[in-house]
Structures are given as C-alpha cells and as structure tokens.
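Asks: Contents are mmCIF, C-alpha atoms; file name query28.cif:
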data_structure
#
loop_
_atom_site.label_atom_id
_atom_site.label_comp_id
_atom_site.auth_asym_id
_atom_site.auth_seq_id
_atom_site.Cartn_x
_atom_site.Cartn_y
_atom_site.Cartn_z
CA MET A 1 -13.74 -9.35 15.77
CA LYS A 2 -11.90 -12.68 15.61
CA LYS A 3 -14.22 -13.83 12.83
CA LEU A 4 -13.20 -10.82 10.76
CA PHE A 5 -9.56 -11.87 10.96
CA GLN A 6 -10.43 -15.52 10.30
CA ILE A 7 -11.96 -14.58 6.95
CA ARG A 8 -9.31 -11.95 6.17
CA GLY A 9 -7.89 -13.92 3.26
CA ILE A 10 -11.33 -14.14 1.65
CA LEU A 11 -11.90 -10.42 2.16
CA GLN A 12 -8.52 -9.61 0.61
CA GLY A 13 -9.33 -11.72 -2.45
CA ALA A 14 -12.81 -10.28 -2.73
CA TRP A 15 -11.53 -6.70 -2.55
CA THR A 16 -8.85 -7.41 -5.17
CA ALA A 17 -11.48 -8.89 -7.48
CA VAL A 18 -13.96 -6.05 -6.98
CA SER A 19 -11.42 -3.24 -7.35
CA ASN A 20 -10.05 -4.83 -10.54
CA SER A 21 -13.32 -5.96 -12.05
CA TYR A 22 -13.12 -4.31 -15.47
CA LEU A 23 -12.93 -7.69 -17.21
CA VAL A 24 -13.15 -6.21 -20.70
CA GLY A 25 -9.68 -4.78 -20.12
CA PHE A 26 -8.20 -8.24 -19.57
CA LEU A 27 -9.88 -9.58 -22.72
CA GLN A 28 -8.96 -6.68 -25.00
CA GLY A 29 -5.53 -5.80 -23.61
CA ASN A 30 -6.49 -2.25 -22.61
CA ILE A 31 -7.51 -0.42 -19.42
CA TYR A 32 -10.58 1.11 -17.82
CA GLN A 33 -10.96 4.80 -18.67
CA GLY A 34 -14.06 5.64 -16.69
CA LYS A 35 -14.60 8.22 -13.96
CA GLY A 36 -13.55 5.79 -11.24
CA LYS A 37 -9.98 6.66 -12.15
CA TYR A 38 -10.49 10.06 -10.50
CA LEU A 39 -10.52 8.22 -7.16
CA CYS A 40 -7.49 6.90 -5.29
CA ALA A 41 -7.64 3.21 -4.42
CA PRO A 42 -6.66 2.68 -0.77
CA GLY A 43 -3.97 0.05 -1.46
CA LEU A 44 -1.13 -0.32 -3.94
CA ASN A 45 -3.32 -1.11 -6.96
CA CYS A 46 -1.63 -0.13 -10.21
CA TYR A 47 -3.83 1.94 -12.50
CA ALA A 48 -2.21 0.14 -15.45
CA CYS A 49 -3.97 -3.05 -14.38
CA PRO A 50 -6.52 -3.83 -17.12
CA GLY A 51 -9.20 -4.33 -14.50
CA ALA A 52 -8.36 -1.45 -12.14
CA LEU A 53 -11.30 0.83 -11.45
CA GLY A 54 -9.35 3.37 -9.40
CA SER A 55 -5.94 5.03 -9.33
CA CYS A 56 -2.88 4.00 -7.39
CA PRO A 57 -2.25 6.61 -4.66
CA ILE A 58 1.54 6.42 -5.00
CA GLY A 59 1.37 6.68 -8.78
CA SER A 60 -1.04 9.60 -8.49
CA LEU A 61 1.21 11.33 -5.97
CA GLN A 62 4.17 11.06 -8.33
CA ALA A 63 2.10 12.30 -11.26
CA VAL A 64 1.23 15.50 -9.40
CA PHE A 65 4.68 15.97 -7.78
CA GLY A 66 6.18 16.09 -11.25
CA ASN A 67 3.52 18.33 -12.71
CA LEU A 68 4.65 21.77 -13.84
CA LYS A 69 1.43 23.42 -12.68
CA TYR A 70 0.90 21.83 -9.26
CA THR A 71 3.97 20.06 -7.73
CA VAL A 72 2.19 19.60 -4.37
CA SER A 73 -0.95 17.50 -4.38
CA PHE A 74 -3.63 18.56 -1.94
CA TYR A 75 -6.07 16.04 -3.38
CA VAL A 76 -3.93 12.88 -3.13
CA THR A 77 -2.36 13.95 0.17
CA GLY A 78 -5.84 14.61 1.53
CA CYS A 79 -7.00 11.17 0.37
CA LEU A 80 -4.00 9.50 2.01
CA LEU A 81 -4.58 11.48 5.21
CA LEU A 82 -8.27 10.53 5.28
CA ILE A 83 -7.62 6.82 4.65
CA GLY A 84 -4.68 6.81 7.05
CA VAL A 85 -6.58 8.41 9.92
CA ILE A 86 -9.64 6.21 9.51
CA LEU A 87 -8.05 2.88 8.61
CA GLY A 88 -4.30 3.14 9.05
CA ARG A 89 -2.57 -0.02 7.88
CA PHE A 90 -5.85 -1.93 8.00
CA VAL A 91 -5.54 -1.18 4.29
CA CYS A 92 -2.37 -3.27 4.15
CA GLY A 93 -3.98 -6.20 5.91
CA PHE A 94 -7.31 -6.20 4.10
CA LEU A 95 -7.32 -4.00 0.98
CA CYS A 96 -3.95 -4.31 -0.73
CA PRO A 97 -3.63 -6.79 -3.62
CA ILE A 98 0.16 -6.93 -3.32
CA GLY A 99 -0.08 -7.79 0.39
CA TRP A 100 -2.57 -10.52 -0.43
CA VAL A 101 -0.40 -12.07 -3.13
CA GLN A 102 2.61 -12.13 -0.78
CA GLU A 103 0.56 -13.84 1.92
CA LEU A 104 -0.65 -16.45 -0.56
CA ASN A 105 2.95 -17.10 -1.54
CA HIS A 106 3.96 -17.40 2.10
CA ARG A 107 1.53 -20.28 2.49
CA ILE A 108 3.42 -22.34 -0.11
CA PRO A 109 5.01 -25.17 1.88
CA LEU A 110 8.58 -24.63 0.68
CA PHE A 111 11.60 -23.40 2.63
CA GLN A 112 11.75 -22.89 6.35
CA LYS A 113 9.69 -19.82 7.16
CA ARG A 114 11.26 -16.75 8.72
CA LYS A 115 9.60 -13.62 10.00
CA SER A 116 12.25 -11.27 8.60
CA LEU A 117 15.60 -10.93 6.88
CA PRO A 118 18.87 -10.69 8.81
CA GLY A 119 19.46 -7.02 9.56
CA HIS A 120 15.75 -6.36 9.87
CA ARG A 121 16.20 -3.64 12.49
CA PHE A 122 18.06 -1.57 9.88
CA LEU A 123 16.29 -2.76 6.73
CA LYS A 124 12.88 -1.81 8.12
CA TYR A 125 13.79 1.86 7.53
CA LEU A 126 14.36 1.31 3.78
CA PRO A 127 10.74 2.17 2.89
CA TYR A 128 11.30 5.67 4.30
CA GLY A 129 14.20 6.09 1.90
CA VAL A 130 12.12 4.74 -0.99
CA LEU A 131 9.34 7.21 -0.17
CA LEU A 132 11.68 10.17 0.13
CA LEU A 133 13.92 9.45 -2.86
CA PHE A 134 11.82 7.64 -5.46
CA VAL A 135 8.33 8.91 -4.74
CA ILE A 136 9.04 12.52 -3.74
CA ILE A 137 12.47 13.87 -4.72
CA LEU A 138 13.07 12.17 -8.07
CA SER A 139 9.47 12.71 -9.20
CA MET A 140 9.74 16.41 -8.38
CA LEU A 141 13.08 16.84 -10.11
CA THR A 142 12.20 15.13 -13.40
CA VAL A 143 9.32 16.62 -15.34
CA ARG A 144 8.44 15.64 -18.88
CA GLN A 145 7.50 18.09 -21.59
CA ASP A 146 3.85 17.09 -21.33
CA GLY A 147 3.85 18.35 -17.75
CA ILE A 148 3.42 14.93 -16.12
CA GLY A 149 6.20 13.68 -13.89
CA THR A 150 8.09 10.43 -14.32
CA PRO A 151 6.91 7.94 -11.71
CA TRP A 152 10.30 6.67 -10.52
CA PHE A 153 8.95 4.26 -7.94
CA CYS A 154 6.48 2.78 -10.42
CA LYS A 155 9.07 2.59 -13.18
CA TRP A 156 11.99 1.05 -11.33
CA ILE A 157 10.68 -0.64 -8.19
CA CYS A 158 6.97 -1.43 -7.87
CA PRO A 159 6.25 -5.11 -8.55
CA GLY A 160 2.53 -4.34 -8.51
CA GLY A 161 2.71 -2.66 -11.88
CA THR A 162 4.34 -5.72 -13.41
CA LEU A 163 2.03 -8.23 -11.76
CA LEU A 164 -1.27 -6.40 -12.13
CA GLY A 165 -0.52 -4.33 -15.21
CA GLY A 166 2.47 -5.46 -17.24
CA LEU A 167 1.89 -9.18 -17.45
CA PRO A 168 -1.87 -9.11 -18.19
CA LEU A 169 -1.51 -6.25 -20.70
CA LEU A 170 1.37 -7.84 -22.57
CA LEU A 171 -0.55 -11.11 -22.71
CA GLY A 172 -3.50 -9.41 -24.36
CA ASN A 173 -1.77 -6.74 -26.44
CA SER A 174 0.71 -7.74 -29.17
CA ILE A 175 1.92 -4.18 -29.77
CA LEU A 176 2.99 -3.82 -26.15
CA ARG A 177 4.64 -7.24 -26.29
CA GLN A 178 6.84 -6.06 -29.13
CA ALA A 179 7.85 -2.96 -27.18
CA ALA A 180 9.00 -4.88 -24.08
CA GLY A 181 12.74 -4.59 -23.47
CA MET A 182 15.32 -4.43 -20.70
CA LEU A 183 13.16 -2.40 -18.34
CA PHE A 184 10.42 -5.03 -18.53
CA ALA A 185 13.00 -7.76 -17.94
CA TRP A 186 14.24 -5.90 -14.84
CA LYS A 187 10.71 -5.49 -13.53
CA VAL A 188 9.88 -9.17 -14.07
CA LEU A 189 13.10 -10.10 -12.28
CA LEU A 190 12.17 -7.84 -9.38
CA LEU A 191 8.66 -9.29 -9.23
CA ALA A 192 10.01 -12.83 -9.28
CA GLY A 193 12.43 -11.93 -6.49
CA VAL A 194 9.67 -10.51 -4.31
CA LEU A 195 7.36 -13.46 -4.93
CA LEU A 196 10.12 -16.01 -4.23
CA LEU A 197 11.25 -14.16 -1.12
CA ALA A 198 7.64 -14.01 0.07
CA ILE A 199 7.57 -17.80 0.23
CA LYS A 200 10.24 -17.71 2.93
CA ILE A 201 9.80 -14.25 4.52
CA TYR A 202 6.42 -12.84 5.51
CA ARG A 203 5.50 -9.83 3.36
CA PRO A 204 9.04 -8.76 2.35
CA PHE A 205 7.80 -5.97 0.05
CA CYS A 206 5.68 -4.47 2.81
CA LYS A 207 8.50 -4.68 5.35
CA TYR A 208 11.41 -3.40 3.25
CA ILE A 209 10.12 -1.42 0.25
CA CYS A 210 6.51 -0.22 0.25
CA PRO A 211 6.24 3.56 0.71
CA LEU A 212 2.45 3.47 1.10
CA GLY A 213 2.69 1.43 4.29
CA VAL A 214 5.04 4.07 5.69
CA ILE A 215 2.45 6.78 5.08
CA TYR A 216 -0.43 4.86 6.63
CA GLY A 217 1.76 3.74 9.54
CA TRP A 218 2.32 7.36 10.58
CA PHE A 219 -1.33 7.56 11.64
CA HIS A 220 -1.42 4.45 13.80
CA SER A 221 -1.23 6.39 17.03
CA ILE A 222 -4.53 8.14 16.20
CA SER A 223 -6.27 5.99 13.59
CA LEU A 224 -9.83 5.00 14.34
CA VAL A 225 -9.04 1.33 13.58
CA ARG A 226 -6.54 0.41 16.32
CA LEU A 227 -5.51 -2.43 18.56
CA HIS A 228 -6.20 -2.26 22.28
CA ILE A 229 -4.70 -4.47 25.00
CA CYS A 230 -6.75 -4.98 28.15
CA GLN A 231 -4.15 -4.97 30.93
CA GLU A 232 -6.49 -6.81 33.32
CA LYS A 233 -6.76 -9.77 30.94
CA CYS A 234 -3.14 -9.79 29.71
CA ILE A 235 -1.06 -12.49 31.40
CA HIS A 236 2.20 -11.41 29.68
CA CYS A 237 2.66 -14.84 28.08
CA GLY A 238 4.32 -13.34 24.98
CA LYS A 239 2.23 -15.40 22.54
CA CYS A 240 1.17 -12.27 20.70
CA GLU A 241 4.78 -11.36 19.99
CA GLN A 242 5.58 -14.92 18.89
CA ALA A 243 2.60 -14.90 16.53
CA CYS A 244 3.38 -11.48 15.03
CA LYS A 245 5.02 -12.02 11.66
CA MET A 246 5.93 -8.33 11.34
CA GLY A 247 8.32 -8.66 14.30
CA ILE A 248 6.47 -6.25 16.58
CA ALA A 249 6.61 -6.28 20.38
CA VAL A 250 2.81 -6.33 20.48
CA GLU A 251 2.42 -5.98 24.23
CA GLN A 252 4.63 -2.88 24.37
CA ASN A 253 3.49 -1.29 21.10
CA PRO A 254 0.23 -2.72 19.72
CA ASN A 255 -0.17 0.24 17.36
CA SER A 256 3.31 0.12 15.91
CA PRO A 257 3.62 1.81 12.49
CA GLU A 258 4.73 -1.59 11.14
CA CYS A 259 1.55 -3.44 12.12
CA VAL A 260 -0.46 -4.51 9.08
CA ARG A 261 -3.54 -5.44 11.16
CA CYS A 262 -3.34 -9.11 10.18
CA GLY A 263 -4.91 -10.13 13.51
CA ASP A 264 -2.50 -13.00 14.21
CA CYS A 265 -1.87 -11.58 17.68
CA ILE A 266 -5.61 -11.46 18.38
CA LYS A 267 -5.98 -15.09 17.31
CA ALA A 268 -2.96 -16.16 19.40
CA CYS A 269 -3.97 -14.42 22.63
CA PRO A 270 -5.26 -17.08 25.07
CA THR A 271 -7.22 -14.62 27.23
CA GLY A 272 -8.75 -12.41 24.55
CA ALA A 273 -6.84 -9.41 25.90
CA ILE A 274 -6.25 -7.92 22.46
CA SER A 275 -9.13 -6.30 20.61
CA MET B 276 -6.97 8.71 32.58
CA LYS B 277 -7.59 6.08 29.88
CA THR B 278 -10.76 7.85 28.80
CA GLU B 279 -8.88 11.15 28.55
CA GLY B 280 -6.19 9.52 26.41
CA ARG B 281 -8.83 8.04 24.11
CA LYS B 282 -10.66 11.38 23.97
CA GLU B 283 -7.46 13.18 23.02
CA ARG B 284 -6.75 10.63 20.27
CA ASN B 285 -10.27 10.94 18.93
CA VAL B 286 -9.99 14.72 18.84
CA LYS B 287 -6.68 14.48 16.94
CA ALA B 288 -8.26 12.01 14.53
CA LEU B 289 -11.24 14.27 13.98
CA VAL B 290 -9.00 17.27 13.33
CA CYS B 291 -7.04 15.20 10.80
CA VAL B 292 -10.25 14.13 9.08
CA VAL B 293 -11.35 17.76 8.78
CA ILE B 294 -7.93 18.77 7.42
CA ALA B 295 -8.06 15.85 4.97
CA LEU B 296 -11.48 16.84 3.69
CA ALA B 297 -10.32 20.45 3.34
CA MET B 298 -7.24 19.34 1.40
CA ILE B 299 -9.33 17.16 -0.88
CA SER B 300 -11.67 20.09 -1.52
CA ILE B 301 -8.75 22.42 -2.28
CA GLY B 302 -7.25 19.82 -4.60
CA LEU B 303 -10.54 19.40 -6.44
CA CYS B 304 -10.94 23.18 -6.79
CA ARG B 305 -7.42 23.41 -8.24
CA GLY B 306 -8.25 20.70 -10.73
CA GLU B 307 -5.60 18.22 -9.55
CA GLN B 308 -7.93 15.31 -10.23
CA SER B 309 -7.61 16.01 -13.96
CA VAL B 310 -3.84 15.39 -13.75
CA ILE B 311 -4.47 12.08 -12.06
CA TYR B 312 -7.17 11.09 -14.50
CA ARG B 313 -5.00 12.06 -17.49
CA LYS B 314 -2.28 9.78 -16.16
CA ALA B 315 -4.57 6.94 -15.12
CA LYS B 316 -6.77 6.70 -18.22
CA ASN B 317 -3.77 6.06 -20.45
CA ILE B 318 -1.65 2.94 -20.07
CA CYS B 319 1.24 3.88 -17.78
CA MET B 320 4.19 2.65 -19.81
CA GLU B 321 6.63 3.16 -16.94
CA CYS B 322 4.46 1.13 -14.57
CA ILE B 323 4.27 -1.89 -16.86
CA GLY B 324 7.96 -1.76 -17.71
CA ILE B 325 7.86 -0.50 -21.27
CA GLY B 326 9.30 2.97 -20.95
#
Can you turn what I pasted into structure tokens?

Replies:
Amino acid sequence: MKKLFQIRGILQGAWTAVSNSYLVGFLQGNIYQGKGKYLCAPGLNCYACPGALGSCPIGSLQAVFGNLKYTVSFYVTGCLLLIGVILGRFVCGFLCPIGWVQELNHRIPLFQKRKSLPGHRFLKYLPYGVLLLFVIILSMLTVRQDGIGTPWFCKWICPGGTLLGGLPLLLGNSILRQAAGMLFAWKVLLLAGVLLLAIKIYRPFCKYICPLGVIYGWFHSISLVRLHICQEKCIHCGKCEQACKMGIAVEQNPNSPECVRCGDCIKACPTGAIS
Amino acid sequence: MKTEGRKERNVKALVCVVIALAMISIGLCRGEQSVIYRKAKNICMECIGIG
C-alpha cells in the first residue's frame, strides 16, 4: 500500500500521458474524434485537449443539462456515481491531470508553503457553489439553438481547458490563434493564477473551485477505496494531521469528502495504523 | 460491531453500483451518449477560450 503512494506521482503522469495519447492531435492542431469520446474520463480531462481520448465528465454533464431533448443526464450521472462509489476521490489523487500539474507546481522551491488560504473553513464550500451555479443552473438555463448547452464552468472557470486544450491547440492551429480574444486572455490569466498559487498552496483548484471533487467526495463514506485507522495501533501522535495538506483531521475523519487520497498520512504514520 | 458497519457500507456501495449501472443503461437507451459525442468530437470553443 505504501509503495503505491510512493509512486503516485509516476502513476499520475502515466495516466495523464495515456489518457491524452492522441499525438496526431498535437501535431496537426486538431482533436481525437474516435469512439473513445463516448466515454467519460474519470478526472477533469478537457475533451478539447488534442490528445484526449475520452470526454470530460463535467463538460459532458453541462452538454446534456443544456440539451433541449434531455436536460437530465442518466448516462453521465450514472458514470459519476459508478466512479464515485468505487474510487471516490482516489481519482483526484491518481487520475486527474489538473491535480498532478498542481502538485508538480507545489514542488517548485519558491515561497513558503502553506496548506491553505486564510479563510479556508469558509472557502472550502466554494466548489459546492461552483457546481450548483456554473455546472447545473446556468447550463440548464442557457440553451443554444443547436440544442447543446453552453458549458459555463468550462467557458469561464476551468483552467484545464486552457492548459490541456487551448494552449496546445492554438500553438498548432493558426486559424484558432487568430480567433483568440478577451475570453482567452481571461482564461490564461486564470490558469496562470492557479499555477502560481499552487506553488505556495497545495492544490488550490481542488480545494476551492473543482466541482468534480465535490461529487466524488459525497461517496467517501461508502466508496470501496477508503482509509481505515486501526485504533489498536494508533498512538494519537497527530502526525497524520500535520502531514495532511488538505487540512483534514485525519484521526477523526479519515474519509472526509475533502481527502484526495494522496497517502501523505499513511506515509507519516509511525505505527502503520492507517491503511 | 465493526464488521456490521463494514457490511452495511458494502451493501450501500453495492446498491449504488447497481443504480449507477441502471442509470448508464437508461442513458444509453435514450441516446444521451450521442449528445456527449457530438460535443466532444468537435473542438469546444468555450473550453479553449475562443467563444
């Protein structure tokens, strides 16, 4: 178990590479159009990424919410439920490219590191608001004439689309480069902000914005991948809580909805009480 | 007591898995995957910050 968490960074990079392995897209400035796009990727992996082989679950949810014919998506909701119950936020810790990029940034030896922003105990509820307003309500209320909803979260907030989709596509496609305007500037600014903040704060996007983490976190009390604390081995030293960069009281609530299954608590525990 | 708690959680998880599979099946029967594919196979202009 510990070994799995020791190689977590490698697994994150490997998953990002595999799930975005349509290299022709990067070279030609277009995207994969194969049948893999019928499937929802588990993490926040923009389907506008030239290499993406699957569809972003949040983008897909918004597409169906705003659809004149369907509005409610059984398929995407079912996928999220299935992934959430089986893996929970293991997805965040192992299978999300945006989480991986933030962690890489956090390793840059600049600035004094902090676990969270001031006001964390209030800010940690922001992702619920993002999910409710941008992903659900606005997508349902604004429907285009072609019957596909406007993805408000993707358009105005998600840095993944800029990092994985916008920047590589604009590099390889001159027509798209010419069309870039104020919206693109805003998205690049947002991306830069998240990446800079990630150097100082651990996973700021996951903590304060990401709606997908909220959804998967709901299932932590029953997910098959869960943390367990052996009370006989636990010596209540508090090292798990000190090590937890998500600010969780690990001993009291090892399966908190905010846990991204990074395994830092497991590595820090001197008695091996956490598994 | 612990075993009962674990058993109860596993039952809840199993029920959720069954519901999830049923929802996916319903979604596929309704043809929702075509909406997702139609969106995903074209470059999402909103996602990349064009429009």

Asks: Kindly resolve the PyMOL selection byres ((chain B and resi 288) around 9) on the present coordinates and return the residues as an NGL selection string.

Replies: (:A and (85-86 or 219 or 222-224)) or (:B and (283-287 or 289-293))

Asks: Output C-alpha atoms for every residue in that selection, as a PDB file, in the frame of the given file.

Replies:
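Result saved to selection_12.pdb:
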ATOM      1  CA  VAL A  85      -6.580   8.410   9.920  1.00  0.00           C
ATOM      2  CA  ILE A  86      -9.640   6.210   9.510  1.00  0.00           C
ATOM      3  CA  PHE A 219      -1.330   7.560  11.640  1.00  0.00           C
ATOM      4  CA  ILE A 222      -4.530   8.140  16.200  1.00  0.00           C
ATOM      5  CA  SER A 223      -6.270   5.990  13.590  1.00  0.00           C
ATOM      6  CA  LEU A 224      -9.830   5.000  14.340  1.00  0.00           C
TER       7      LEU A 224
ATOM      8  CA  GLU B 283      -7.460  13.180  23.020  1.00  0.00           C
ATOM      9  CA  ARG B 284      -6.750  10.630  20.270  1.00  0.00           C
ATOM     10  CA  ASN B 285     -10.270  10.940  18.930  1.00  0.00           C
ATOM     11  CA  VAL B 286      -9.990  14.720  18.840  1.00  0.00           C
ATOM     12  CA  LYS B 287      -6.680  14.480  16.940  1.00  0.00           C
ATOM     13  CA  LEU B 289     -11.240  14.270  13.980  1.00  0.00           C
ATOM     14  CA  VAL B 290      -9.000  17.270  13.330  1.00  0.00           C
ATOM     15  CA  CYS B 291      -7.040  15.200  10.800  1.00  0.00           C
ATOM     16  CA  VAL B 292     -10.250  14.130   9.080  1.00  0.00           C
ATOM     17  CA  VAL B 293     -11.350  17.760   8.780  1.00  0.00           C
TER      18      VAL B 293
END

Asks: What's the 7 Å shell around region 318-322 of chain B, counting all atoms listed in the file, without same-chain residues fewer than 4 positions away, as a list of chain:residue names?

Replies: A:Ile31, A:Ala48, A:Cys154, A:Lys155, A:Gly161, A:Thr162, B:Gly326

Asks: Excluding same-chain residues fewer than 4 positions from Leu80 (chain A), what lies within 12 Å of it counting all atoms listed in the file, as a ChimeraX atom specification?

Replies: /A:39-44,56-58,60-61,73-76,84-89,91,211-219 /B:291-292,294-296,298-299

Asks: Which residues, named as in the file, does the PyMOL selection byres ((chain A and resi 186-199) around 10) pick out? Answer as a ChimeraX atom specification.

Replies: /A:98-99,101-114,117,154-163,166-167,181-185,200-205 /B:322-325

Asks: Using CA of Ile235 (chain A) and CA of Pro257 (chain A) as the two end points, give the distance in Å to one decimal.

Replies: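 Between CA of Ile235 (chain A) and CA of Pro257 (chain A) the gap is 24.2 Å.
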
Asks: Choose the residue, out of A:Val72, A:Cys206, A:Val260, A:Ala273, that has the smallest atom-to-atom separation from His220 (chain A); count all atoms listed in the file.

Replies: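 Going through A:Val72, A:Cys206, A:Val260, A:Ala273 one by one, the smallest distance to His220 (chain A) is for A:Val260.
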
Asks: For CA of Ile137 (chain A) and CA of Gly59 (chain A), determine how far apart the two atoms are, in Å to one decimal place.

Replies: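 Between these atoms lies a distance of 13.8 Å.
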
Asks: Dump as a ChimeraX atom specification all residues having an atom at most 9 Å from (-4.8, 5.5, -19.6), computed in the file's coordinates with all atoms listed in the file.

Replies: /A:30-33,47-48 /B:312-319

Asks: Starting from the shown file, work through the PyMOL selection byres ((chain A and resi 268) around 10) and note down what comes out as a ChimeraX atom specification.

Replies: /A:238-244,263-267,269-272,274

Asks: For CA of Gln28 (chain A) and CA of Ala52 (chain A), quote the distance in Å rounded to one decimal.

Replies: 13.9 Å

Asks: Between A:Val24, A:Leu138, A:Cys46, A:Cys96, which has the minimum distance to chain B (counting all atoms listed in the file)?

Replies: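 Of A:Val24, A:Leu138, A:Cys46, A:Cys96, the one nearest chain B, counting all atoms listed in the file, is A:Cys46.
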
Asks: At a cut-off of 7 Å around the point (-8.9, 3.8, 21.6) (file coordinates), what residues fall inside when counting only C-alpha atoms? I'd like the answer as a list in words.

Replies: Arg226 and His228 of chain A; Arg281 of chain B
